[in-house]
>>> print(open('my_file.cif').read())   # mmCIF, C-alpha atoms
data_input
#
loop_
_atom_site.label_atom_id
_atom_site.label_comp_id
_atom_site.auth_asym_id
_atom_site.auth_seq_id
_atom_site.Cartn_x
_atom_site.Cartn_y
_atom_site.Cartn_z
CA MET A 1 0.00 0.00 0.00
CA ALA A 2 2.89 2.37 0.78
CA THR A 3 4.49 1.55 -2.56
CA LYS A 4 1.24 2.25 -4.42
CA CYS A 5 0.86 5.54 -2.53
CA ALA A 6 4.39 6.66 -3.44
CA GLU A 7 4.20 5.85 -7.14
CA CYS A 8 0.77 7.42 -7.65
CA LEU A 9 1.86 10.52 -5.72
CA LEU A 10 4.86 10.92 -8.03
CA ALA A 11 2.69 10.33 -11.11
CA VAL A 12 0.50 13.35 -10.31
CA LYS A 13 3.47 15.48 -9.23
CA TYR A 14 5.36 15.03 -12.52
CA ARG A 15 2.51 14.65 -15.02
CA GLN A 16 2.15 16.92 -18.06
CA LEU A 17 -0.25 17.68 -20.90
CA ASP A 18 0.31 15.69 -24.09
CA SER A 19 -0.27 16.82 -27.68
CA ASN A 20 -3.93 15.73 -27.48
CA GLY A 21 -4.59 17.90 -24.43
CA GLN A 22 -4.76 14.91 -22.07
CA MET A 23 -2.82 14.44 -18.85
CA ALA A 24 0.10 12.06 -19.32
CA GLY A 25 2.12 10.68 -16.46
CA GLY A 26 3.54 7.63 -14.80
CA PRO A 27 6.99 6.19 -14.18
CA MET A 28 8.22 7.36 -17.61
CA TYR A 29 7.76 10.96 -16.55
CA TYR A 30 8.98 10.84 -12.96
CA LEU A 31 12.00 8.78 -14.02
CA GLU A 32 12.87 11.39 -16.64
CA LYS A 33 11.84 14.63 -14.92
CA GLY A 34 12.31 13.65 -11.29
CA LEU A 35 15.19 11.19 -11.35
CA GLY A 36 16.78 12.71 -14.46
CA SER A 37 17.22 9.36 -16.22
CA ARG A 38 15.70 9.37 -19.68
CA TRP A 39 17.17 5.96 -20.60
CA LEU A 40 15.56 4.37 -17.53
CA ALA A 41 12.26 5.99 -18.48
CA LYS A 42 12.49 4.56 -21.99
CA LEU A 43 13.37 1.15 -20.58
CA PHE A 44 10.29 1.23 -18.37
CA ALA A 45 8.06 2.23 -21.31
CA LEU A 46 9.46 -0.61 -23.42
CA PHE A 47 8.85 -3.16 -20.68
CA GLY A 48 5.40 -1.67 -20.09
CA ILE A 49 4.45 -2.41 -23.68
CA GLY A 50 5.76 -5.94 -23.15
CA VAL A 51 3.48 -6.46 -20.13
CA ALA A 52 0.49 -5.10 -22.07
CA PHE A 53 1.20 -7.49 -24.96
CA PHE A 54 2.34 -10.63 -23.11
CA GLY A 55 1.59 -10.14 -19.39
CA ILE A 56 -1.35 -9.00 -17.32
CA GLY A 57 -3.05 -7.19 -20.17
CA THR A 58 -3.86 -9.97 -22.60
CA PHE A 59 -2.97 -13.63 -22.25
CA PRO A 60 -4.00 -14.42 -18.63
CA GLN A 61 -7.25 -12.48 -18.88
CA VAL A 62 -8.31 -13.86 -22.25
CA ASN A 63 -7.43 -17.39 -21.18
CA ALA A 64 -9.50 -17.00 -18.00
CA ILE A 65 -12.50 -15.68 -19.94
CA SER A 66 -12.24 -18.49 -22.49
CA ASP A 67 -12.03 -21.17 -19.80
CA ALA A 68 -14.99 -19.73 -17.92
CA MET A 69 -17.18 -19.47 -21.01
CA THR A 70 -16.28 -22.98 -22.14
CA ILE A 71 -16.77 -24.61 -18.73
CA SER A 72 -19.98 -22.83 -17.73
CA PHE A 73 -21.73 -22.10 -21.02
CA SER A 74 -20.05 -24.50 -23.53
CA VAL A 75 -19.07 -21.58 -25.76
CA PRO A 76 -16.26 -22.53 -28.21
CA ARG A 77 -12.99 -20.73 -27.55
CA GLU A 78 -12.94 -19.37 -31.11
CA TRP A 79 -16.28 -17.62 -30.64
CA THR A 80 -15.15 -16.19 -27.31
CA ALA A 81 -12.01 -14.83 -29.00
CA LEU A 82 -14.02 -13.17 -31.77
CA VAL A 83 -16.65 -11.56 -29.53
CA LEU A 84 -14.09 -10.43 -26.94
CA THR A 85 -11.89 -8.82 -29.60
CA LEU A 86 -14.86 -6.92 -31.02
CA LEU A 87 -15.99 -5.69 -27.59
CA VAL A 88 -12.50 -4.55 -26.62
CA ALA A 89 -12.12 -2.80 -29.97
CA LEU A 90 -15.41 -0.93 -29.55
CA VAL A 91 -14.38 0.41 -26.15
CA THR A 92 -10.65 1.03 -26.58
CA LEU A 93 -10.88 2.83 -29.89
CA GLY A 94 -12.86 5.49 -28.03
CA GLY A 95 -9.83 6.34 -25.88
CA ILE A 96 -9.51 7.01 -22.15
CA LYS A 97 -12.99 8.57 -21.78
CA SER A 98 -14.65 5.48 -23.22
CA ILE A 99 -12.52 3.14 -21.10
CA SER A 100 -13.17 5.06 -17.87
CA SER A 101 -16.90 5.28 -18.61
CA VAL A 102 -17.23 1.52 -19.02
CA ALA A 103 -14.96 0.72 -16.06
CA SER A 104 -16.76 3.09 -13.68
CA LYS A 105 -20.04 1.29 -14.39
CA VAL A 106 -18.71 -2.27 -14.39
CA VAL A 107 -16.15 -2.30 -11.55
CA PRO A 108 -18.47 -1.50 -8.57
CA PHE A 109 -21.05 -3.99 -9.79
CA MET A 110 -18.57 -6.81 -10.38
CA ALA A 111 -16.85 -6.27 -7.02
CA LEU A 112 -20.09 -6.45 -5.02
CA PHE A 113 -21.29 -9.36 -7.14
CA TYR A 114 -18.12 -11.39 -6.56
CA ILE A 115 -17.81 -10.59 -2.86
CA ALA A 116 -21.43 -11.64 -2.30
CA ALA A 117 -20.78 -14.97 -4.05
CA CYS A 118 -17.62 -15.59 -1.97
CA PHE A 119 -19.49 -14.69 1.21
CA GLY A 120 -22.20 -17.19 0.32
CA VAL A 121 -19.65 -20.00 -0.06
CA LEU A 122 -17.94 -19.14 3.23
CA VAL A 123 -21.27 -19.00 5.10
CA ASN A 124 -22.29 -22.39 3.71
CA ASN A 125 -18.95 -23.81 4.86
CA VAL A 126 -18.51 -21.83 8.06
CA GLY A 127 -17.63 -24.96 10.01
CA ALA A 128 -14.50 -25.48 7.91
CA LEU A 129 -13.41 -21.83 8.00
CA SER A 130 -11.18 -21.98 11.09
CA GLU A 131 -9.43 -25.11 9.79
CA ALA A 132 -8.91 -23.39 6.42
CA VAL A 133 -7.23 -20.37 8.01
CA ALA A 134 -5.00 -22.65 10.10
CA LEU A 135 -4.08 -24.66 7.00
CA VAL A 136 -3.12 -21.52 5.07
CA ILE A 137 -0.87 -20.30 7.90
CA SER A 138 0.79 -23.66 8.57
CA SER A 139 1.25 -24.47 4.87
CA ALA A 140 3.21 -21.26 4.32
CA PHE A 141 6.07 -22.87 6.28
CA SER A 142 5.79 -26.44 5.02
CA GLY A 143 5.95 -28.47 1.84
CA HIS A 144 2.27 -27.87 1.06
CA ALA A 145 2.91 -24.31 -0.08
CA ALA A 146 5.16 -25.16 -3.03
CA THR A 147 7.17 -28.04 -4.36
CA GLY A 148 10.87 -28.26 -3.61
CA GLY A 149 13.65 -30.60 -2.64
CA PHE A 150 13.78 -29.35 0.95
CA VAL A 151 11.83 -27.14 3.33
CA GLY A 152 13.87 -24.03 2.57
CA ALA A 153 13.17 -24.40 -1.13
CA SER A 154 9.46 -24.81 -0.44
CA ILE A 155 9.31 -21.61 1.61
CA MET A 156 11.35 -19.75 -1.01
CA LEU A 157 9.06 -20.86 -3.83
CA ALA A 158 5.99 -20.07 -1.74
CA ILE A 159 7.22 -16.51 -1.15
CA GLN A 160 8.20 -16.15 -4.81
CA SER A 161 4.78 -17.32 -5.99
CA GLY A 162 3.02 -15.18 -3.40
CA VAL A 163 4.87 -12.02 -4.42
CA ALA A 164 4.33 -12.73 -8.12
CA ARG A 165 0.59 -13.33 -7.69
CA GLY A 166 0.33 -10.34 -5.35
CA VAL A 167 1.86 -8.05 -7.98
CA PHE A 168 -0.49 -9.55 -10.54
CA SER A 169 -3.42 -8.76 -8.26
CA ASN A 170 -2.75 -5.21 -7.06
CA GLU A 171 0.13 -4.09 -9.33
CA SER A 172 1.84 -2.25 -6.45
CA GLY A 173 5.37 -1.35 -7.52
CA LEU A 174 4.77 -2.48 -11.07
CA GLY A 175 4.27 1.07 -12.37
CA SER A 176 0.94 0.61 -14.15
CA ALA A 177 -1.33 2.26 -11.57
CA PRO A 178 0.57 5.60 -11.72
CA ILE A 179 -0.24 5.85 -15.44
CA ALA A 180 -3.95 5.81 -14.60
CA ALA A 181 -3.51 7.99 -11.50
CA ALA A 182 -1.90 10.72 -13.62
CA ALA A 183 -5.18 11.16 -15.50
CA ALA A 184 -7.16 11.77 -12.28
CA LYS A 185 -8.95 15.09 -11.89
CA THR A 186 -7.14 16.31 -8.78
CA ASN A 187 -4.71 19.04 -7.85
CA SER A 188 -3.26 17.17 -4.86
CA CYS A 189 -0.62 14.53 -5.48
CA VAL A 190 -0.78 13.43 -1.83
CA GLU A 191 -4.54 12.97 -1.95
CA GLN A 192 -4.28 10.86 -5.09
CA GLY A 193 -1.58 8.71 -3.51
CA LEU A 194 -3.77 8.02 -0.49
CA VAL A 195 -6.80 7.20 -2.63
CA SER A 196 -4.79 4.89 -4.89
CA MET A 197 -3.33 2.88 -2.02
CA THR A 198 -6.79 1.68 -0.96
CA GLY A 199 -6.94 -0.34 -4.18
CA THR A 200 -4.23 -2.65 -2.88
CA PHE A 201 -6.21 -3.30 0.30
CA PHE A 202 -9.44 -4.16 -1.51
CA ASP A 203 -7.76 -6.21 -4.24
CA THR A 204 -5.51 -8.37 -2.12
CA ILE A 205 -6.61 -8.26 1.51
CA ILE A 206 -10.33 -8.58 0.81
CA ILE A 207 -11.02 -10.13 -2.61
CA CYS A 208 -7.97 -12.40 -2.89
CA THR A 209 -8.29 -13.60 0.71
CA MET A 210 -11.95 -14.45 0.18
CA THR A 211 -11.09 -16.28 -3.04
CA GLY A 212 -8.29 -18.23 -1.37
CA LEU A 213 -10.48 -19.26 1.55
CA THR A 214 -13.22 -20.30 -0.88
CA LEU A 215 -10.77 -22.63 -2.65
CA VAL A 216 -9.59 -24.11 0.66
CA VAL A 217 -12.92 -24.63 2.46
CA THR A 218 -14.36 -26.43 -0.58
CA GLY A 219 -11.25 -28.63 -0.93
CA VAL A 220 -10.74 -27.98 -4.65
CA TRP A 221 -7.24 -26.60 -4.00
CA SER A 222 -5.93 -30.14 -3.59
CA GLY A 223 -7.41 -31.43 -6.85
CA ASP A 224 -6.09 -31.46 -10.40
CA LEU A 225 -7.91 -28.33 -11.57
CA SER A 226 -6.26 -24.92 -12.04
CA GLY A 227 -7.14 -21.38 -13.05
CA ALA A 228 -10.76 -20.58 -13.86
CA ALA A 229 -11.71 -24.26 -13.78
CA MET A 230 -10.69 -24.54 -10.11
CA THR A 231 -12.56 -21.39 -9.11
CA SER A 232 -15.69 -22.47 -10.97
CA ALA A 233 -15.61 -25.85 -9.24
CA ALA A 234 -15.22 -24.17 -5.85
CA PHE A 235 -18.29 -21.99 -6.33
CA ALA A 236 -20.39 -24.82 -7.77
CA GLN A 237 -19.50 -27.01 -4.78
CA GLY A 238 -19.59 -24.25 -2.16
CA LEU A 239 -23.04 -23.00 -3.09
CA ASP A 240 -24.39 -26.55 -3.59
CA THR A 241 -25.69 -25.62 -7.04
CA HIS A 242 -24.49 -25.13 -10.58
CA ILE A 243 -25.67 -21.53 -10.26
CA GLY A 244 -22.47 -20.91 -8.30
CA GLN A 245 -20.45 -21.90 -11.35
CA TYR A 246 -22.35 -19.39 -13.46
CA LEU A 247 -21.93 -16.67 -10.83
CA VAL A 248 -18.15 -16.92 -10.77
CA SER A 249 -17.97 -17.09 -14.55
CA ILE A 250 -19.93 -13.86 -14.89
CA GLY A 251 -17.84 -12.17 -12.20
CA LEU A 252 -14.62 -13.37 -13.80
CA LEU A 253 -15.80 -12.08 -17.17
CA PHE A 254 -16.22 -8.57 -15.75
CA PHE A 255 -12.93 -8.62 -13.85
CA ALA A 256 -10.89 -9.81 -16.82
CA PHE A 257 -12.63 -7.55 -19.35
CA THR A 258 -11.96 -4.36 -17.40
CA THR A 259 -8.34 -5.44 -16.84
CA ILE A 260 -7.91 -5.85 -20.61
CA LEU A 261 -9.32 -2.35 -21.14
CA GLY A 262 -7.04 -0.84 -18.51
CA TRP A 263 -3.90 -2.44 -19.85
CA ASN A 264 -4.70 -1.29 -23.34
CA TYR A 265 -4.49 2.25 -21.96
CA TYR A 266 -1.28 1.60 -20.00
CA GLY A 267 0.47 0.19 -23.05
CA GLU A 268 -0.87 3.03 -25.16
CA ARG A 269 0.68 5.63 -22.85
CA CYS A 270 4.03 3.81 -22.96
CA THR A 271 3.84 3.62 -26.75
CA GLN A 272 3.07 7.33 -27.03
CA TYR A 273 6.01 8.17 -24.77
CA LEU A 274 8.44 6.18 -26.91
CA PHE A 275 7.12 6.71 -30.43
CA GLY A 276 4.61 9.59 -30.36
CA THR A 277 0.88 9.70 -31.05
CA ARG A 278 1.24 8.24 -34.55
CA ALA A 279 2.14 4.88 -33.06
CA ILE A 280 -1.07 4.55 -31.03
CA LYS A 281 -3.23 3.08 -33.80
CA PRO A 282 -0.68 0.38 -34.79
CA TYR A 283 -0.29 -0.44 -31.09
CA ARG A 284 -4.04 -0.89 -30.67
CA LEU A 285 -4.23 -3.24 -33.66
CA ILE A 286 -1.39 -5.39 -32.33
CA TYR A 287 -2.98 -5.41 -28.88
CA LEU A 288 -6.32 -6.55 -30.25
CA GLY A 289 -4.62 -9.24 -32.35
CA LEU A 290 -2.70 -10.66 -29.41
CA GLY A 291 -5.73 -10.52 -27.15
CA GLY A 292 -7.93 -12.30 -29.66
CA GLY A 293 -5.45 -14.96 -30.69
CA GLY A 294 -2.74 -15.49 -28.09
CA GLY A 295 -4.37 -16.15 -24.75
CA GLN A 296 -6.94 -18.55 -26.15
CA PHE A 297 -4.62 -21.38 -27.02
CA LEU A 298 -1.47 -21.10 -24.87
CA HIS A 299 -1.06 -23.48 -21.91
CA LEU A 300 -1.71 -21.85 -18.54
CA ASP A 301 1.82 -22.57 -17.26
CA MET A 302 3.34 -20.79 -20.27
CA ILE A 303 1.00 -17.83 -19.77
CA TRP A 304 2.05 -17.41 -16.13
CA LEU A 305 5.74 -17.80 -17.02
CA LEU A 306 5.53 -15.04 -19.63
CA ALA A 307 3.56 -12.80 -17.28
CA ASP A 308 6.06 -13.21 -14.42
CA ILE A 309 9.03 -12.43 -16.68
CA VAL A 310 7.63 -9.24 -18.21
CA ASN A 311 6.16 -8.11 -14.88
CA GLY A 312 9.58 -8.39 -13.26
CA LEU A 313 11.25 -6.47 -16.08
CA MET A 314 8.69 -3.66 -15.81
CA ALA A 315 8.94 -3.39 -12.04
CA VAL A 316 12.74 -2.97 -11.87
CA PRO A 317 13.03 0.56 -13.39
CA ASN A 318 10.00 1.74 -11.43
CA LEU A 319 11.33 0.49 -8.10
CA ILE A 320 14.69 2.13 -8.82
CA GLY A 321 12.79 5.39 -9.38
CA LEU A 322 10.82 5.04 -6.14
CA ILE A 323 14.02 4.55 -4.16
CA GLY A 324 15.74 7.44 -5.91
CA LEU A 325 12.78 9.78 -5.33
CA ARG A 326 12.03 8.72 -1.76
CA ARG A 327 12.86 12.18 -0.39
CA VAL A 328 10.45 13.78 -2.86
CA VAL A 329 7.71 11.47 -1.61
CA GLY A 330 8.57 12.15 2.03
CA GLY A 331 8.60 15.90 1.52
CA SER A 332 5.30 16.13 -0.37
#
>>> encode(input="my_file.cif", output="structure tokens")
Amino acid sequence: MATKCAECLLAVKYRQLDSNGQMAGGPMYYLEKGLGSRWLAKLFALFGIGVAFFGIGTFPQVNAISDAMTISFSVPREWTALVLTLLVALVTLGGIKSISSVASKVVPFMALFYIAACFGVLVNNVGALSEAVALVISSAFSGHAATGGFVGASIMLAIQSGVARGVFSNESGLGSAPIAAAAAKTNSCVEQGLVSMTGTFFDTIIICTMTGLTLVVTGVWSGDLSGAAMTSAAFAQGLDTHIGQYLVSIGLLFFAFTTILGWNYYGERCTQYLFGTRAIKPYRLIYLGLGGGGGQFLHLDMIWLLADIVNGLMAVPNLIGLIGLRRVVGGS
């Protein structure tokens, strides 16, 4: 939360108007204007485009949507790819105003919808809740948490996986959230930093904890399923009805769709910083092509591997900037 506060504070502090009259900001700008390192800013922008193309923005989200639609509604993956590409194109070609308009309507609904479904599963399995919490805590320091040749390796892999999934969830330190924060209608960089940091709390402490407990109390965590298939099975079992499977699929659809929209914008800002406004349209076409074709057919393990690599590359320049500008954050 502190990391998210710092990076979003810096984004507003060093933002500027672009050639289209829109506010542009993010790590590219505070690395260049605040830290005085243009090459590090360009490196971040390049890695940011990589994450949009191969990381959080496309493959994992599209794969999750495809799995959910196939499992719950028997929709062929090809049809899901086509419809999803068309919907993303309709929204993203309208720019930041269109993206923010859709997200502001969808996000509150999907969050309440998903939390209510999780709460229903936990209430139905309240007797197993205390054991689930104890299992989570004890497994963090044993071989259950991750595979490895010895206990130390298991703990190391558990921490590595936890940090990687945590970054995937709340994006703190990654550098993506500051790009969106820079477009906020506020004159206070401190206020924006404080508002932005609450996203980490809701994403990880509330929603991810509820999801994790749902997987544990229903017992599906120890099965052979993974990804959207595991979550769907947990809700179907936890709510004692196939309606639960449909509920999580609809919630997942909203979550993943808005993430795709957001990352289109993040990558677009990075593209504009590196190549100017003329490069935005080619970027959007490539983004739509990768979203429609890539995530549908790659194996889940390969998707996560790609996402972890590009996420790590993007985070490094941003974290260097946060350390270098720590006194600016402290004095704001």
>>> residues_around(input="my_file.cif", residues="Pro27 of chain A", least_positions_apart="6", cutoff="9 Å", atoms="all atoms listed in the file", output="list in words")
Glu7, Leu10, Ala11, Ala41, Phe44, Ala45, Gly175, Ser176, Pro178, Ile179, Pro317, Asn318, Gly321 and Leu322 of chain A
>>> atom_distance(input="my_file.cif", atom1="atom CA of Phe255 of chain A", atom2="atom CA of Ile99 of chain A")
13.8 Å
>>> residues_around(input="my_file.cif", residues="Gln272 of chain A", least_positions_apart="5", cutoff="10 Å", atoms="all atoms listed in the file", output="mmCIF file with C-alpha atoms, in the coordinates of the input")
data_model
loop_
_atom_site.group_PDB
_atom_site.id
_atom_site.type_symbol
_atom_site.label_atom_id
_atom_site.label_comp_id
_atom_site.auth_asym_id
_atom_site.auth_seq_id
_atom_site.Cartn_x
_atom_site.Cartn_y
_atom_site.Cartn_z
ATOM 1 C CA ASP A 18 0.310 15.690 -24.090
ATOM 2 C CA ALA A 24 0.100 12.060 -19.320
ATOM 3 C CA ALA A 45 8.060 2.230 -21.310
ATOM 4 C CA GLY A 267 0.470 0.190 -23.050
ATOM 5 C CA THR A 277 0.880 9.700 -31.050
ATOM 6 C CA ARG A 278 1.240 8.240 -34.550
ATOM 7 C CA ALA A 279 2.140 4.880 -33.060
ATOM 8 C CA ILE A 280 -1.070 4.550 -31.030
ATOM 9 C CA TYR A 283 -0.290 -0.440 -31.090
#
>>> residues_around(input="my_file.cif", residues="segment 201-208 of chain A", least_positions_apart="6", cutoff="8 Å", atoms="all atoms listed in the file", output="list in words")
Met1, Ile115, Gly166, Ser169 and Asn170 of chain A
>>> resolve_selection(input="my_file.cif", expression="the PyMOL selection byres ((chain A and resi 91) around 12)", output="list in words")
Leu84, Thr85, Leu86, Leu87, Val88, Ala89, Leu90, Thr92, Leu93, Gly94, Gly95, Ile96, Lys97, Ser98, Ile99, Ser100, Ser101, Val102, Ala103, Phe257, Thr258, Ile260, Leu261, Gly262, Asn264, Tyr265, Arg284 and Leu288 of chain A
>>> atom_distance(input="my_file.cif", atom1="atom CA of Ile159 of chain A", atom2="atom CA of Phe141 of chain A")
9.8 Å
>>> closest_residue(input="my_file.cif", among="A:Leu213, A:Asp301, A:Asp224, A:Gly251", to="Val133 of chain A", atoms="only C-alpha atoms")
A:Leu213
>>> closest_residue(input="my_file.cif", among="A:Gly50, A:Gly238, A:Gly324, A:Gly330", to="Ala2 of chain A", atoms="all atoms listed in the file")
A:Gly330
>>> residues_around(input="my_file.cif", residues="Pro76 of chain A", least_positions_apart="6", cutoff="12 Å", atoms="all atoms listed in the file", output="compact mmCIF listing (two decimals) with C-alpha atoms, in the frame of the given file")
# COMPACT_ATOMS: atom_id res chain seq x y z
CA ILE A 65 -12.50 -15.68 -19.94
CA SER A 66 -12.24 -18.49 -22.49
CA ASP A 67 -12.03 -21.17 -19.80
CA ALA A 68 -14.99 -19.73 -17.92
CA MET A 69 -17.18 -19.47 -21.01
CA THR A 70 -16.28 -22.98 -22.14
CA LEU A 82 -14.02 -13.17 -31.77
CA VAL A 83 -16.65 -11.56 -29.53
CA GLN A 296 -6.94 -18.55 -26.15
CA PHE A 297 -4.62 -21.38 -27.02
>>> resolve_selection(input="my_file.cif", expression="the PyMOL selection byres ((chain A and resi 196) around 9)", output="MDAnalysis selection string")
chainID A and resid 1 4:5 8:9 177:178 181 191:195 197:200
>>> atom_distance(input="my_file.cif", atom1="atom CA of Val126 of chain A", atom2="atom CA of Ala233 of chain A")
18.0 Å
>>> closest_residue(input="my_file.cif", among="A:Val216, A:Ala183, A:Val62, A:Ile243", to="Glu78 of chain A", atoms="all atoms listed in the file")
A:Val62
>>> resolve_selection(input="my_file.cif", expression="the PyMOL selection byres ((chain A and resi 214) around 8)", output="PyMOL selection string")
chain A and resi 118+121-122+210-213+215-218+234-235+238
>>> build_atoms(input="my_file.cif", residues="segment 236-251 of chain A", atoms="N, CA, C and O atoms", output="PDB file, in the coordinates of the input")
ATOM      1  N   ALA A 236     -19.322 -23.842  -7.530  1.00  0.00           N
ATOM      2  CA  ALA A 236     -20.390 -24.820  -7.770  1.00  0.00           C
ATOM      3  C   ALA A 236     -20.566 -25.723  -6.563  1.00  0.00           C
ATOM      4  O   ALA A 236     -21.691 -26.035  -6.154  1.00  0.00           O
ATOM      5  N   GLN A 237     -19.458 -26.143  -5.947  1.00  0.00           N
ATOM      6  CA  GLN A 237     -19.500 -27.010  -4.780  1.00  0.00           C
ATOM      7  C   GLN A 237     -19.896 -26.236  -3.523  1.00  0.00           C
ATOM      8  O   GLN A 237     -20.689 -26.704  -2.702  1.00  0.00           O
ATOM      9  N   GLY A 238     -19.351 -25.022  -3.374  1.00  0.00           N
ATOM     10  CA  GLY A 238     -19.590 -24.250  -2.160  1.00  0.00           C
ATOM     11  C   GLY A 238     -20.998 -23.737  -2.009  1.00  0.00           C
ATOM     12  O   GLY A 238     -21.501 -23.582  -0.899  1.00  0.00           O
ATOM     13  N   LEU A 239     -21.668 -23.482  -3.133  1.00  0.00           N
ATOM     14  CA  LEU A 239     -23.040 -23.000  -3.090  1.00  0.00           C
ATOM     15  C   LEU A 239     -24.054 -24.120  -3.315  1.00  0.00           C
ATOM     16  O   LEU A 239     -25.256 -23.863  -3.421  1.00  0.00           O
ATOM     17  N   ASP A 240     -23.548 -25.355  -3.433  1.00  0.00           N
ATOM     18  CA  ASP A 240     -24.390 -26.550  -3.590  1.00  0.00           C
ATOM     19  C   ASP A 240     -25.324 -26.443  -4.799  1.00  0.00           C
ATOM     20  O   ASP A 240     -26.451 -26.946  -4.771  1.00  0.00           O
ATOM     21  N   THR A 241     -24.876 -25.771  -5.847  1.00  0.00           N
ATOM     22  CA  THR A 241     -25.690 -25.620  -7.040  1.00  0.00           C
ATOM     23  C   THR A 241     -24.810 -25.190  -8.200  1.00  0.00           C
ATOM     24  O   THR A 241     -23.775 -24.559  -8.005  1.00  0.00           O
ATOM     25  N   HIS A 242     -25.241 -25.539  -9.405  1.00  0.00           N
ATOM     26  CA  HIS A 242     -24.490 -25.130 -10.580  1.00  0.00           C
ATOM     27  C   HIS A 242     -24.604 -23.621 -10.823  1.00  0.00           C
ATOM     28  O   HIS A 242     -23.851 -23.060 -11.630  1.00  0.00           O
ATOM     29  N   ILE A 243     -25.555 -22.986 -10.131  1.00  0.00           N
ATOM     30  CA  ILE A 243     -25.670 -21.530 -10.260  1.00  0.00           C
ATOM     31  C   ILE A 243     -24.383 -20.869  -9.794  1.00  0.00           C
ATOM     32  O   ILE A 243     -23.955 -19.843 -10.335  1.00  0.00           O
ATOM     33  N   GLY A 244     -23.727 -21.453  -8.790  1.00  0.00           N
ATOM     34  CA  GLY A 244     -22.470 -20.910  -8.300  1.00  0.00           C
ATOM     35  C   GLY A 244     -21.413 -20.863  -9.386  1.00  0.00           C
ATOM     36  O   GLY A 244     -20.612 -19.918  -9.465  1.00  0.00           O
ATOM     37  N   GLN A 245     -21.394 -21.872 -10.228  1.00  0.00           N
ATOM     38  CA  GLN A 245     -20.450 -21.900 -11.350  1.00  0.00           C
ATOM     39  C   GLN A 245     -20.717 -20.756 -12.309  1.00  0.00           C
ATOM     40  O   GLN A 245     -19.798 -20.116 -12.810  1.00  0.00           O
ATOM     41  N   TYR A 246     -21.994 -20.488 -12.564  1.00  0.00           N
ATOM     42  CA  TYR A 246     -22.350 -19.390 -13.460  1.00  0.00           C
ATOM     43  C   TYR A 246     -22.018 -18.037 -12.836  1.00  0.00           C
ATOM     44  O   TYR A 246     -21.591 -17.108 -13.529  1.00  0.00           O
ATOM     45  N   LEU A 247     -22.216 -17.930 -11.526  1.00  0.00           N
ATOM     46  CA  LEU A 247     -21.930 -16.670 -10.830  1.00  0.00           C
ATOM     47  C   LEU A 247     -20.459 -16.284 -10.969  1.00  0.00           C
ATOM     48  O   LEU A 247     -20.124 -15.147 -11.302  1.00  0.00           O
ATOM     49  N   VAL A 248     -19.570 -17.239 -10.708  1.00  0.00           N
ATOM     50  CA  VAL A 248     -18.150 -16.920 -10.770  1.00  0.00           C
ATOM     51  C   VAL A 248     -17.711 -16.652 -12.199  1.00  0.00           C
ATOM     52  O   VAL A 248     -16.827 -15.828 -12.449  1.00  0.00           O
ATOM     53  N   SER A 249     -18.326 -17.321 -13.150  1.00  0.00           N
ATOM     54  CA  SER A 249     -17.970 -17.090 -14.550  1.00  0.00           C
ATOM     55  C   SER A 249     -18.339 -15.677 -14.990  1.00  0.00           C
ATOM     56  O   SER A 249     -17.571 -15.009 -15.680  1.00  0.00           O
ATOM     57  N   ILE A 250     -19.511 -15.219 -14.556  1.00  0.00           N
ATOM     58  CA  ILE A 250     -19.930 -13.860 -14.890  1.00  0.00           C
ATOM     59  C   ILE A 250     -19.032 -12.841 -14.212  1.00  0.00           C
ATOM     60  O   ILE A 250     -18.593 -11.855 -14.821  1.00  0.00           O
ATOM     61  N   GLY A 251     -18.736 -13.073 -12.913  1.00  0.00           N
ATOM     62  CA  GLY A 251     -17.840 -12.170 -12.200  1.00  0.00           C
ATOM     63  C   GLY A 251     -16.467 -12.128 -12.820  1.00  0.00           C
ATOM     64  O   GLY A 251     -15.863 -11.060 -12.982  1.00  0.00           O
TER      65      GLY A 251
END
